[in-house]
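Q: Quick one: the structure is below, questions incoming.
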Amino acid sequence: MRLERRTSIPKKLAIIAPILAIVASLSVSGVLIILAGVNPFIAYFEILKGAFGSKLAITETLTRASPLILTGLAAAVAFRARLWNIGGEGQFYIGALVAAAVGNSLLTGFPIIIAMTLVMMCSMISGAILLAGPALLRLRFGIDEVVTTLLLNFIIILFVGLMIEGPLKDPFAFGWPQSVPVDRSLRFADLVPSSRLHKGFLIAIFAAFAIWIIVTRTVFGLQTRATGFTPQAAAFSGISLSKTIMGVALISGALAGLAGAIEVMGVTGYVTTTLSPGFGYAGIVVAMLAALHPGGVIISAVFIASIFIGADAMSRATGVPSFIADVIMSLSLLTMLIAIFFTNYRIRK
Amino acid sequence: MIEALEILTNASLWSAVLRIATPLIFGVLGALLCERVGVLNLAIEGIMTMGAMIGWLSVYLGADLWTGLAIAAVSGAVIGLLHAFLTVSLSLSQHVSGLGITLFASSLAYFIYRLVVNVGSLPPTIEPFQPLELPMLSDLPFFGEIFFSQMGPTYLALFAVVLMAYILRQTPLGLAIRMTGENPHAVDAQGLNPIMIRIFAIVVGSALMALGGSFLTTAAFNSFFPEMVQGRGWICIALVIFASWQPGKALFGAILFSFFDAYQLRLQHVVEDVPYQLFLMAPYVLSILALILVSRRAKVPEALMAPYRRGER
Amino acid sequence: MSIVLEIDKISKKFGSLIANEAVSLDLKKGEILALLGENGAGKTTLMNIIYGHYTSDSGQIRALGKSLTGGKPREAIEAGIGMVHQHFSLAGNLTVLENVMIGSESLFKRKSNRQLAKNKLLQISKKFGLPVSPDALISSLSVGERQRVEILKALYRDAKILILDEPTAVLARPEAEKLFKTLREMTKEGLSLIFISHKLHEVMSAADRVTVLRSGRVVAERETSKTSKEELAELMVGHQVSRPVRKAQSTGKKVIEASNITITNKKQIQLDRISFSVSEGEILGIVGISGNGQAALGHLLSGIGKPTSGTLTFYENRMNDYTPRDCINSGIGRIPEDRNSEGIIGELKIWENAIVERLHDTKFSKAGFIRKKSAQIFSENLIKKYDVRGATSDTQARLLSGGNMQKLVLGRALSVSPKLIIANQPTRGLDEGAIAAVHEELLKARSEGVAILLISEELEEAVGLSDRLQAIVKGRLSEPIKAEEADATRLGLMMSGVWGEDNET
């Protein structure tokens with residue numbers, strides 16, 4: 001058995017392959033649902049209903065998708081340059097923490113739009129700085145950023161816990177420790193009235209558009225792609241690998257930090273150590289499912305969000321553990337990898 | 001200050017060091033074996049999670065502890081087979097495959113756990129390993145408690161270090177493993193099959209990782225709960241580099257690490273005003289520091305992360 | 001004489017590319033057979049099939065009477081076939097002994113018998129006159145020593161048929177002659193050998209018979225005593241190919257000058273106090289066996305490497321700290337040594353590759369945005385002007401063949417209206433047609449007053465194109481000689497480091 005790279009990808013295959021991948025992952029997950037004693041078709045119907053079956057469901061799904069779009073973009077931007085940013089989770093949390101800290105009291109007196117922009121920018125800067133560390137370690141010392149960004153996630157989440165039990169503790173909150181809240185005036189307004197869907201969703205969409213322009217139309221985008229594909233040739237042609245990777249790291253970290261900001265400013269208003277149900281890691285899956293395409297990230301973010309929102313509802317209705325959502329998500333990543341592979345290679349004797 | 005130093009004279013500290021090190025030793029050995037054939041196995045965190053859950057579940061359903069460990073090891077081997085299929089047969093990105101499998105194995109483990117244990121109920125406990133007191137030796141002062149009153153799996157871990165070091169250095173299989181990680185084409189040219197060697201190493205390595213995970217539920221704690229692996233898998237990946245891919249140094253690294261972990265646990269009781277999160281951060285910070293320290297002199301297996309495709313030169 | 005290896009109508013296709021078509025040949029016991037052909041003729045593919053790295057689509061192989069099913073090097077080894085690969089199959093971080101003995105013991109064996117293996121290795125090493133130290137790390141060995149290990153690997157497994165793939169590509173003339181002498185001794189011990197080469201003089205002097213491959217087919221078989229270099233050359237290429245001829249011309253100002261440049265990297269001296277200069281309208285050829293510092297020299301001149309000491313000037317401007325971008329902006333066109341890893345980004349489109357060196361040129365970008373239309377027009381012009389076949393501007397660059405890729409790289413370098421061209425192995429791996437095209441463009445540039453520094457391993461190319469020549473040996477450069485003074489003996493000596501009384505390396 002030999003693997004041969006295809007010279008061109010047949011259009012049909014390029015469309016069918018991802019669909020087959022999703023079907024495969026839903027099928028395997030279906031087996032698990034049977035193990036839970038439930039008819040998978042009923043379960044999937046409940047998931048669909050829970051995600052899209054009512055106005056409330058749809059707004060919940062899109063609300064969940066907002067940070068995912070941003071962490072997905074963060075992963076996509078980084079992966080395109082072969083910078084393996086697995087630290088989206090930590091960058092999310094630092095962005096959230098900074099948003100709460102800055103947005104709590106520091107900006108009273110500024111016009112609302114300016115203040116909100118400043119809050120988001122501070123979050124983006126914090127996320128960027130966080131990823132800059134591992135990026136520098138890679139550029140200077142050749143240390144694999146996968147490990148350093150992963151380890152940083154744990155450090156940052158502990159740090160957030162430390163801060164919200166200490167200097168940033170909300171003295172008026174009872175129960176689990178939470179941070180001081182973002183000032184009411186700086187919260188995102190509802191996009192759809194009496195729902196949780198907030199205008200931060202539009203920020204996420206706009207970010208996807210901006211990234212798309214950067215990647216496809218700008219010099220920096222071309223430099224990024226060249227660096228990711230063939231770094232040696234990129235360097236030979238005059239592209240500074242360190243500047244490119246650093247630039248990518250700053251943008252990627254900023255996007256993940258922004259995800260934290262809009263979640264705090266749009267949904268909860270404050271930070272806890274359980275603010276993120278794994279947005280950073282899910283962002284990686286979102287990016288891979290979208291083949292790193294910024295527009296595709298929006299679609300796959302909504303897809304992943306719908307699985308989680310739907311599974312929550314389905315779990316309440318049928319008793320199937322809601323972890324099935326994580327299973328479906330991770331399986332989709334694996335099947336998609338295999339599908340993409342077969343669109344690029346064919347099997348030869 | 002005095003109390004901080006006094007902890008060091010306590011035999012129970014050092015005994016705890018070996019105990020805490022056990023899952024790390026298994027994990028590092030497993031990751032090391034995979035990397036020696038040229039494959040970075042980032043599924044480790046997920047494999048350890050699955051190993052922990054399966055180990056606990058087997059015992060909960062009636063198996064004895066050692067059988068539980070064996071079943072956990074098998075579960076690790078199966079996941080390893082999946083990883084080998086993606087990264088060796090299909091030559092997919094080792095980074096993405098590993099992370100994807102970690103997510104999958106973890107979520108599958110939690111799902112199965114939830115099928116057995118409902119949300120809201122306390123995690124059911126099992127009867128864990130008890131220390132195996134070696135006759136006479138365990139009565140030795142100080143050293144008796146540290147070296148000769150450990151649990152069975154800890155002795156197994158130490159034995160595994162010796163065994164792996166021997167195999168890598170002294171056997172034809174070990175040479176084949178080492179060369180596959182340096183130049184798989186050379187292995188192929190000499191009539192061996194680097195693909196089978198890679199698959200073998202990944203499967204065995206993953207079994208070891210799962211053993212490490214199962215120690216957490218059958219010995220360290222006595223129940224399973226989500227997020228219990230807490231990044232130990234990633235720490236093992238860092239430790240492999242710190243150990244220059246050698247089993248002996250891996251043991252040293254795991255022990256050094258666990259020393260700081262055990263020490264920090266006891267230090268918390270002695271030092272009052274420092275937030276506990278700082279102590280908990282220590283392992284992860286140390287791992288990053290270890291990586292920086294070692295980055296200069298690392299003699300990486302030359303074919304690590306390079307996909308091997310037959311017929312391509 | 002008995003036949004030890006029979007190859008019968010072997011065919012192999014890679015997609016639409018025909019690598020071998022109905023190739024048949026025999027190897028007789030005790031003889032040295034040469035397999036001659038241009039780059040891309042199918043020689044290495046055929047040998048890889050014999051050794052089991054590839055399986056053939058059809059055809060038979062019989063070695064020492066046994067029929068081989070193919071596809072497994074293990075089977076070939078057991079049948080007595082050994083292979084010395086062009087790119088050595090060695091693991092740098094392991095010892096000589098480990099590299100030799102791997103695969104010789106069962107994987108189920110509980111303990112390796114190192115002592116026994118070492119004795120056997122030393123015995124064979126002595127018998128065939130190939131001295132090695134078994135416990136040395138491969139990474140510490142010279143190229144010649146590594147090749148010895150490659151050969152010993154095969155002899156250790158009791159090979160009776162030895163295949164050598166371009167064995168002298170990395171050897172200096174005296175070493176190459178010694179190798180062939182050793183190989184001849186081996187035939188007296190009962191071995192039979194095939195070696196692949198594209199060097200005519202080698203084939204004529206070292207082989208008993210030669211089989212010529214062209215475009216995957218056997219076109220001729222000759223006894224070397226009954227043929228000539230000219231006949232073989234014509235058979236190899238299929239028609240009279242003449243490379244363009246250089247005409248003498250006057251030169252202008254000094255464009256680039258290097259003065260006592262040394263480059264040390266991690267305690268290793270890569271370039272040792274080298275000096276040279278190239279003027280407008282002249283080609284300076286730096287000849288040498290691969291691995292003598294050409295890579296470092298190429299990087300230095302491309303802006304990737306910096307001198308540790310010494311000065312490099314470009315038209316009187318200090319060039320020591322030039323980055324690739326500085327080189328491009330100053331009008332230095334560069335052709336890298338390895339087009340696949342340094343020259344072209346395969347996954348990008350051809351138009352993107354065409355402008356990748358000049359992204360900040362106002363022609364191709366404005367305010368950080370790419371001017372796609374302008375870039376595509378530029379790229380289309382390049383394709384037309386330099387006869388890049390098999391693609392349009394929108395095709396992925398990796399789909400180009402080697403020759404067309406090199407033409408693109410060359411065209412790109414020439415399009416900056418360069419005052420200096422650095423051409424590093426510009427025709428490596430190309431067929432005669434592409435080689436002639438590249439030479440023509442270089443000579444044309446020269447006639448227009450461009451200064452060209454050519455780094456080449458192919459003597460014929462260097463002598464044909466260069467006005468002056470310097471040899472690079474172990475990081476040192478010989479004094480320049482004029483092309484008229486360069487005869488085979490003189491060059492051979494220069495390339496072995498014999499430079500005159502106080503210049504020897």
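Just so we're on the same page: first chain in the structure tokens is A, next is B, and so on; residues restart at 1 for each chain, and ligands are numbered from 1 in the order they show up.
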Pull the strand (DSSP E or B) assignments for range 108-242 of chain A out of DSSP run on the backbone, and list those residues as a PyMOL selection string.

A: chain A and resi 169+179+190+198+218

Q: Just the selected residues (C-alpha atoms), exported as a compact mmCIF listing (two decimals), in the first residue's frame, please.

A:
# COMPACT_ATOMS: atom_id res chain seq x y z
CA LYS A 169 -12.69 39.86 44.60
CA SER A 179 -14.40 38.99 40.22
CA ASP A 190 -28.83 42.78 23.55
CA HIS A 198 -25.49 40.41 22.62
CA THR A 218 -2.31 41.59 2.55

Q: Sorted by chain and rising residue number, which residues of chain A lie within 9 Å of chain B, and what are their closest atom pairs and distances in Å to one decimal, counting only C-alpha atoms, as a Markdown table?

A:
| residue | atom | partner | partner_atom | distance |
| --- | --- | --- | --- | --- |
| A:Arg2 | CA | B:Arg310 | CA | 7.3 |
| A:Leu3 | CA | B:Arg309 | CA | 7.9 |
| A:Leu32 | CA | B:Ile112 | CA | 8.6 |
| A:Leu35 | CA | B:Leu115 | CA | 8.4 |
| A:Ala36 | CA | B:Leu115 | CA | 6.4 |
| A:Trp84 | CA | B:His95 | CA | 8.1 |
| A:Leu137 | CA | B:Ile292 | CA | 7.7 |
| A:Phe141 | CA | B:Ser295 | CA | 6.0 |
| A:Gly142 | CA | B:Ser295 | CA | 6.9 |
| A:Ile143 | CA | B:Ser295 | CA | 6.6 |
| A:Val146 | CA | B:His95 | CA | 8.0 |
| A:Val147 | CA | B:Trp234 | CA | 6.3 |
| A:Thr148 | CA | B:Ile288 | CA | 6.3 |
| A:Leu150 | CA | B:Trp234 | CA | 7.2 |
| A:Leu151 | CA | B:Tyr284 | CA | 5.6 |
| A:Leu152 | CA | B:Tyr284 | CA | 7.3 |
| A:Phe154 | CA | B:Tyr284 | CA | 7.3 |
| A:Ile155 | CA | B:Met281 | CA | 5.5 |
| A:Ile156 | CA | B:Met281 | CA | 8.7 |
| A:Leu158 | CA | B:Gln277 | CA | 5.6 |
| A:Phe159 | CA | B:Gln277 | CA | 6.9 |
| A:Gly161 | CA | B:Gln277 | CA | 7.3 |
| A:Leu162 | CA | B:Gln277 | CA | 6.0 |
| A:Gly166 | CA | B:Pro275 | CA | 8.8 |
| A:Tyr281 | CA | B:Leu103 | CA | 8.5 |
| A:Val285 | CA | B:Gly100 | CA | 7.9 |
| A:Met288 | CA | B:Val96 | CA | 8.7 |
| A:Val320 | CA | B:Leu115 | CA | 7.7 |
| A:Pro321 | CA | B:Arg114 | CA | 5.9 |
| A:Ser322 | CA | B:Phe111 | CA | 7.6 |
| A:Phe323 | CA | B:Phe111 | CA | 5.2 |
| A:Ile324 | CA | B:Phe111 | CA | 6.4 |
| A:Ala325 | CA | B:Ser107 | CA | 8.5 |
| A:Asp326 | CA | B:Ser107 | CA | 5.5 |
| A:Val327 | CA | B:Ser107 | CA | 5.3 |
| A:Ile328 | CA | B:Phe104 | CA | 8.4 |
| A:Met329 | CA | B:Phe104 | CA | 8.1 |
| A:Ser330 | CA | B:Phe104 | CA | 4.9 |
| A:Leu331 | CA | B:Phe104 | CA | 6.2 |
| A:Leu333 | CA | B:Gly100 | CA | 6.4 |
| A:Leu334 | CA | B:Gly100 | CA | 6.2 |
| A:Leu337 | CA | B:Leu92 | CA | 7.6 |
| A:Ile338 | CA | B:Leu86 | CA | 7.7 |
| A:Phe341 | CA | B:Leu92 | CA | 7.5 |

Q: Excluding range 309-313 of chain A and residues on its chain fewer than 3 positions from it, collect all residues at most 10 Å away from it, counting only C-alpha atoms, and give them as a ChimeraX atom specification.

A: /A:43-53,57-58,60-65,304-306,316-326,328

Q: I need the chosen residues saved as a compact mmCIF listing (two decimals), in the first residue's frame, with N, CA and C atoms.

A:
# COMPACT_ATOMS: atom_id res chain seq x y z
N ALA A 43 -32.28 11.22 20.15
CA ALA A 43 -31.29 12.10 20.78
C ALA A 43 -30.89 13.22 19.84
N TYR A 44 -30.59 12.88 18.57
CA TYR A 44 -30.16 13.93 17.64
C TYR A 44 -31.29 14.91 17.34
N PHE A 45 -32.49 14.39 17.34
CA PHE A 45 -33.61 15.29 17.15
C PHE A 45 -33.70 16.29 18.30
N GLU A 46 -33.49 15.76 19.51
CA GLU A 46 -33.52 16.64 20.68
C GLU A 46 -32.39 17.66 20.63
N ILE A 47 -31.23 17.23 20.10
CA ILE A 47 -30.11 18.16 19.98
C ILE A 47 -30.48 19.29 19.00
N LEU A 48 -31.03 18.90 17.88
CA LEU A 48 -31.43 19.90 16.89
C LEU A 48 -32.46 20.85 17.47
N LYS A 49 -33.43 20.25 18.19
CA LYS A 49 -34.47 21.08 18.79
C LYS A 49 -33.87 22.03 19.81
N GLY A 50 -32.96 21.47 20.61
CA GLY A 50 -32.36 22.29 21.66
C GLY A 50 -31.50 23.42 21.09
N ALA A 51 -30.96 23.21 19.90
CA ALA A 51 -30.07 24.22 19.33
C ALA A 51 -30.81 25.22 18.45
N PHE A 52 -31.79 24.74 17.71
CA PHE A 52 -32.43 25.63 16.74
C PHE A 52 -33.95 25.64 16.81
N GLY A 53 -34.50 24.92 17.78
CA GLY A 53 -35.95 24.68 17.74
C GLY A 53 -36.81 25.83 18.18
N ALA A 57 -33.65 29.09 21.60
CA ALA A 57 -32.58 28.14 21.29
C ALA A 57 -31.57 28.76 20.34
N ILE A 58 -32.07 29.38 19.29
CA ILE A 58 -31.15 29.95 18.30
C ILE A 58 -30.28 31.03 18.94
N GLU A 60 -29.42 31.29 22.03
CA GLU A 60 -28.46 30.64 22.92
C GLU A 60 -27.29 30.07 22.12
N THR A 61 -27.62 29.44 21.00
CA THR A 61 -26.56 28.86 20.17
C THR A 61 -25.62 29.93 19.67
N LEU A 62 -26.17 31.03 19.18
CA LEU A 62 -25.30 32.09 18.67
C LEU A 62 -24.51 32.76 19.78
N THR A 63 -25.11 32.84 20.96
CA THR A 63 -24.37 33.39 22.09
C THR A 63 -23.16 32.54 22.40
N ARG A 64 -23.40 31.23 22.41
CA ARG A 64 -22.31 30.29 22.67
C ARG A 64 -21.26 30.36 21.57
N ALA A 65 -21.72 30.65 20.35
CA ALA A 65 -20.79 30.67 19.22
C ALA A 65 -19.88 31.89 19.24
N ILE A 304 -20.36 23.80 16.32
CA ILE A 304 -19.92 23.30 17.62
C ILE A 304 -20.82 23.84 18.73
N ALA A 305 -21.15 25.13 18.65
CA ALA A 305 -22.01 25.72 19.67
C ALA A 305 -23.36 24.99 19.71
N SER A 306 -23.89 24.69 18.52
CA SER A 306 -25.20 24.03 18.47
C SER A 306 -25.12 22.66 19.12
N ARG A 316 -31.05 16.84 29.38
CA ARG A 316 -32.14 17.01 30.35
C ARG A 316 -33.35 16.18 29.93
N ALA A 317 -33.56 16.08 28.63
CA ALA A 317 -34.76 15.37 28.16
C ALA A 317 -34.61 13.86 28.19
N THR A 318 -33.39 13.36 27.88
CA THR A 318 -33.26 11.91 27.72
C THR A 318 -32.36 11.25 28.75
N GLY A 319 -31.54 12.02 29.42
CA GLY A 319 -30.64 11.41 30.40
C GLY A 319 -29.30 10.98 29.83
N VAL A 320 -29.09 11.18 28.54
CA VAL A 320 -27.76 10.87 27.98
C VAL A 320 -26.77 11.90 28.53
N PRO A 321 -25.64 11.44 29.06
CA PRO A 321 -24.69 12.40 29.64
C PRO A 321 -24.31 13.49 28.63
N SER A 322 -24.27 14.73 29.08
CA SER A 322 -23.99 15.83 28.15
C SER A 322 -22.57 15.81 27.63
N PHE A 323 -21.72 14.95 28.19
CA PHE A 323 -20.36 14.83 27.65
C PHE A 323 -20.38 14.35 26.21
N ILE A 324 -21.54 13.88 25.76
CA ILE A 324 -21.63 13.41 24.38
C ILE A 324 -21.26 14.53 23.43
N ALA A 325 -21.49 15.77 23.85
CA ALA A 325 -21.14 16.91 22.99
C ALA A 325 -19.64 16.96 22.77
N ASP A 326 -18.86 16.77 23.86
CA ASP A 326 -17.40 16.77 23.71
C ASP A 326 -16.96 15.61 22.82
N ILE A 328 -18.72 14.18 20.38
CA ILE A 328 -19.03 14.49 18.98
C ILE A 328 -18.02 15.50 18.44

Q: Within 12 Å of Glu432 in chain C, counting only C-alpha atoms, which residues show up once you throw out same-chain ones fewer than 3 positions away? Write them as a VMD selection string, please.

A: chain C and resid 37 to 41 198 214 to 215 233 to 234 236 to 244 403 427 to 429 435 to 439 461

Q: Show me, as an MDAnalysis selection string, every residue of chain C with an atom at most 9 Å from chain A, counting only C-alpha atoms.

A: chainID C and resid 14:15 55 299 302:304 323:328 336 339:348 352 356:360 365 367:372 399

Q: For the residues selected in the previous step, produce a file with N, CA and C atoms as an mmCIF file, in the first residue's frame.

A:
data_model
loop_
_atom_site.group_PDB
_atom_site.id
_atom_site.type_symbol
_atom_site.label_atom_id
_atom_site.label_comp_id
_atom_site.auth_asym_id
_atom_site.auth_seq_id
_atom_site.Cartn_x
_atom_site.Cartn_y
_atom_site.Cartn_z
ATOM 1 N N PHE C 14 4.834 6.338 -11.939
ATOM 2 C CA PHE C 14 4.385 7.124 -10.795
ATOM 3 C C PHE C 14 3.314 8.073 -11.306
ATOM 4 N N GLY C 15 2.069 7.702 -11.137
ATOM 5 C CA GLY C 15 1.016 8.546 -11.705
ATOM 6 C C GLY C 15 1.133 8.495 -13.212
ATOM 7 N N THR C 55 8.090 -1.326 -5.411
ATOM 8 C CA THR C 55 7.721 -2.524 -6.172
ATOM 9 C C THR C 55 7.490 -2.121 -7.618
ATOM 10 N N HIS C 299 24.994 30.775 1.418
ATOM 11 C CA HIS C 299 24.221 31.512 2.426
ATOM 12 C C HIS C 299 24.826 32.878 2.679
ATOM 13 N N SER C 302 23.830 35.118 -0.044
ATOM 14 C CA SER C 302 22.383 35.332 -0.157
ATOM 15 C C SER C 302 21.842 36.178 0.967
ATOM 16 N N GLY C 303 22.691 36.534 1.905
ATOM 17 C CA GLY C 303 22.229 37.361 3.015
ATOM 18 C C GLY C 303 21.734 36.554 4.198
ATOM 19 N N ILE C 304 21.893 35.245 4.129
ATOM 20 C CA ILE C 304 21.411 34.427 5.243
ATOM 21 C C ILE C 304 22.509 34.197 6.269
ATOM 22 N N THR C 323 20.795 41.527 4.730
ATOM 23 C CA THR C 323 19.778 40.487 4.868
ATOM 24 C C THR C 323 19.337 40.098 3.462
ATOM 25 N N PRO C 324 18.582 39.012 3.333
ATOM 26 C CA PRO C 324 18.094 38.693 1.986
ATOM 27 C C PRO C 324 17.401 39.871 1.340
ATOM 28 N N ARG C 325 16.669 40.627 2.134
ATOM 29 C CA ARG C 325 15.975 41.762 1.556
ATOM 30 C C ARG C 325 16.941 42.822 1.052
ATOM 31 N N ASP C 326 18.012 43.037 1.796
ATOM 32 C CA ASP C 326 19.010 44.002 1.345
ATOM 33 C C ASP C 326 19.610 43.552 0.013
ATOM 34 N N CYS C 327 19.873 42.246 -0.079
ATOM 35 C CA CYS C 327 20.441 41.725 -1.324
ATOM 36 C C CYS C 327 19.508 42.004 -2.487
ATOM 37 N N ILE C 328 18.237 41.701 -2.256
ATOM 38 C CA ILE C 328 17.268 41.881 -3.335
ATOM 39 C C ILE C 328 17.188 43.353 -3.722
ATOM 40 N N PRO C 336 19.046 29.675 -5.307
ATOM 41 C CA PRO C 336 19.472 28.891 -4.154
ATOM 42 C C PRO C 336 19.871 27.482 -4.542
ATOM 43 N N ARG C 339 16.130 24.185 -4.746
ATOM 44 C CA ARG C 339 14.948 24.947 -5.151
ATOM 45 C C ARG C 339 13.706 24.533 -4.368
ATOM 46 N N ASN C 340 13.662 23.275 -3.919
ATOM 47 C CA ASN C 340 12.449 22.814 -3.247
ATOM 48 C C ASN C 340 12.299 23.340 -1.835
ATOM 49 N N SER C 341 13.428 23.487 -1.142
ATOM 50 C CA SER C 341 13.274 23.945 0.235
ATOM 51 C C SER C 341 13.641 25.402 0.405
ATOM 52 N N GLU C 342 14.414 25.974 -0.552
ATOM 53 C CA GLU C 342 14.824 27.369 -0.381
ATOM 54 C C GLU C 342 14.249 28.282 -1.445
ATOM 55 N N GLY C 343 13.972 27.718 -2.614
ATOM 56 C CA GLY C 343 13.630 28.611 -3.719
ATOM 57 C C GLY C 343 12.143 28.853 -3.880
ATOM 58 N N ILE C 344 11.392 27.766 -3.777
ATOM 59 C CA ILE C 344 9.976 27.846 -4.126
ATOM 60 C C ILE C 344 9.148 27.385 -2.937
ATOM 61 N N ILE C 345 8.008 28.053 -2.714
ATOM 62 C CA ILE C 345 7.079 27.588 -1.686
ATOM 63 C C ILE C 345 5.988 26.823 -2.414
ATOM 64 N N GLY C 346 6.116 25.498 -2.378
ATOM 65 C CA GLY C 346 5.290 24.643 -3.221
ATOM 66 C C GLY C 346 3.793 24.835 -3.079
ATOM 67 N N GLU C 347 3.346 25.121 -1.838
ATOM 68 C CA GLU C 347 1.902 25.195 -1.640
ATOM 69 C C GLU C 347 1.306 26.510 -2.133
ATOM 70 N N LEU C 348 2.162 27.492 -2.395
ATOM 71 C CA LEU C 348 1.650 28.772 -2.889
ATOM 72 C C LEU C 348 1.545 28.728 -4.409
ATOM 73 N N GLU C 352 2.259 33.964 -6.673
ATOM 74 C CA GLU C 352 2.699 34.353 -5.332
ATOM 75 C C GLU C 352 4.196 34.105 -5.180
ATOM 76 N N VAL C 356 7.261 36.825 -4.290
ATOM 77 C CA VAL C 356 7.517 36.669 -2.850
ATOM 78 C C VAL C 356 8.798 37.370 -2.387
ATOM 79 N N GLU C 357 9.742 37.561 -3.333
ATOM 80 C CA GLU C 357 10.969 38.240 -2.918
ATOM 81 C C GLU C 357 10.793 39.749 -2.894
ATOM 82 N N ARG C 358 9.736 40.231 -3.543
ATOM 83 C CA ARG C 358 9.608 41.680 -3.721
ATOM 84 C C ARG C 358 8.266 42.188 -3.235
ATOM 85 N N LEU C 359 7.838 41.683 -2.085
ATOM 86 C CA LEU C 359 6.512 42.021 -1.588
ATOM 87 C C LEU C 359 6.360 43.507 -1.276
ATOM 88 N N HIS C 360 7.474 44.181 -1.003
ATOM 89 C CA HIS C 360 7.352 45.585 -0.614
ATOM 90 C C HIS C 360 7.576 46.531 -1.785
ATOM 91 N N SER C 365 2.690 45.845 -4.114
ATOM 92 C CA SER C 365 1.868 46.050 -2.919
ATOM 93 C C SER C 365 1.710 47.529 -2.643
ATOM 94 N N ALA C 367 0.340 49.972 0.679
ATOM 95 C CA ALA C 367 -0.193 50.109 2.037
ATOM 96 C C ALA C 367 -0.463 48.745 2.667
ATOM 97 N N GLY C 368 0.408 47.795 2.380
ATOM 98 C CA GLY C 368 0.255 46.490 3.007
ATOM 99 C C GLY C 368 -0.658 45.544 2.263
ATOM 100 N N PHE C 369 -1.373 46.035 1.253
ATOM 101 C CA PHE C 369 -2.243 45.156 0.474
ATOM 102 C C PHE C 369 -1.555 44.737 -0.817
ATOM 103 N N ILE C 370 -1.777 43.491 -1.210
ATOM 104 C CA ILE C 370 -1.136 42.975 -2.422
ATOM 105 C C ILE C 370 -1.873 43.475 -3.657
ATOM 106 N N ARG C 371 -1.115 43.854 -4.644
ATOM 107 C CA ARG C 371 -1.726 44.247 -5.916
ATOM 108 C C ARG C 371 -1.749 43.007 -6.811
ATOM 109 N N LYS C 372 -2.834 42.279 -6.689
ATOM 110 C CA LYS C 372 -2.894 40.946 -7.288
ATOM 111 C C LYS C 372 -2.806 41.003 -8.807
ATOM 112 N N LEU C 399 3.530 21.714 -8.416
ATOM 113 C CA LEU C 399 3.209 20.837 -9.526
ATOM 114 C C LEU C 399 4.184 20.988 -10.692
#

Q: Could you check which of B:Val240, B:Ala63, B:Met305, B:Met196 is closest to chain C, using only C-alpha atoms?

A: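 For chain C, the nearest of the given residues is B:Met196.
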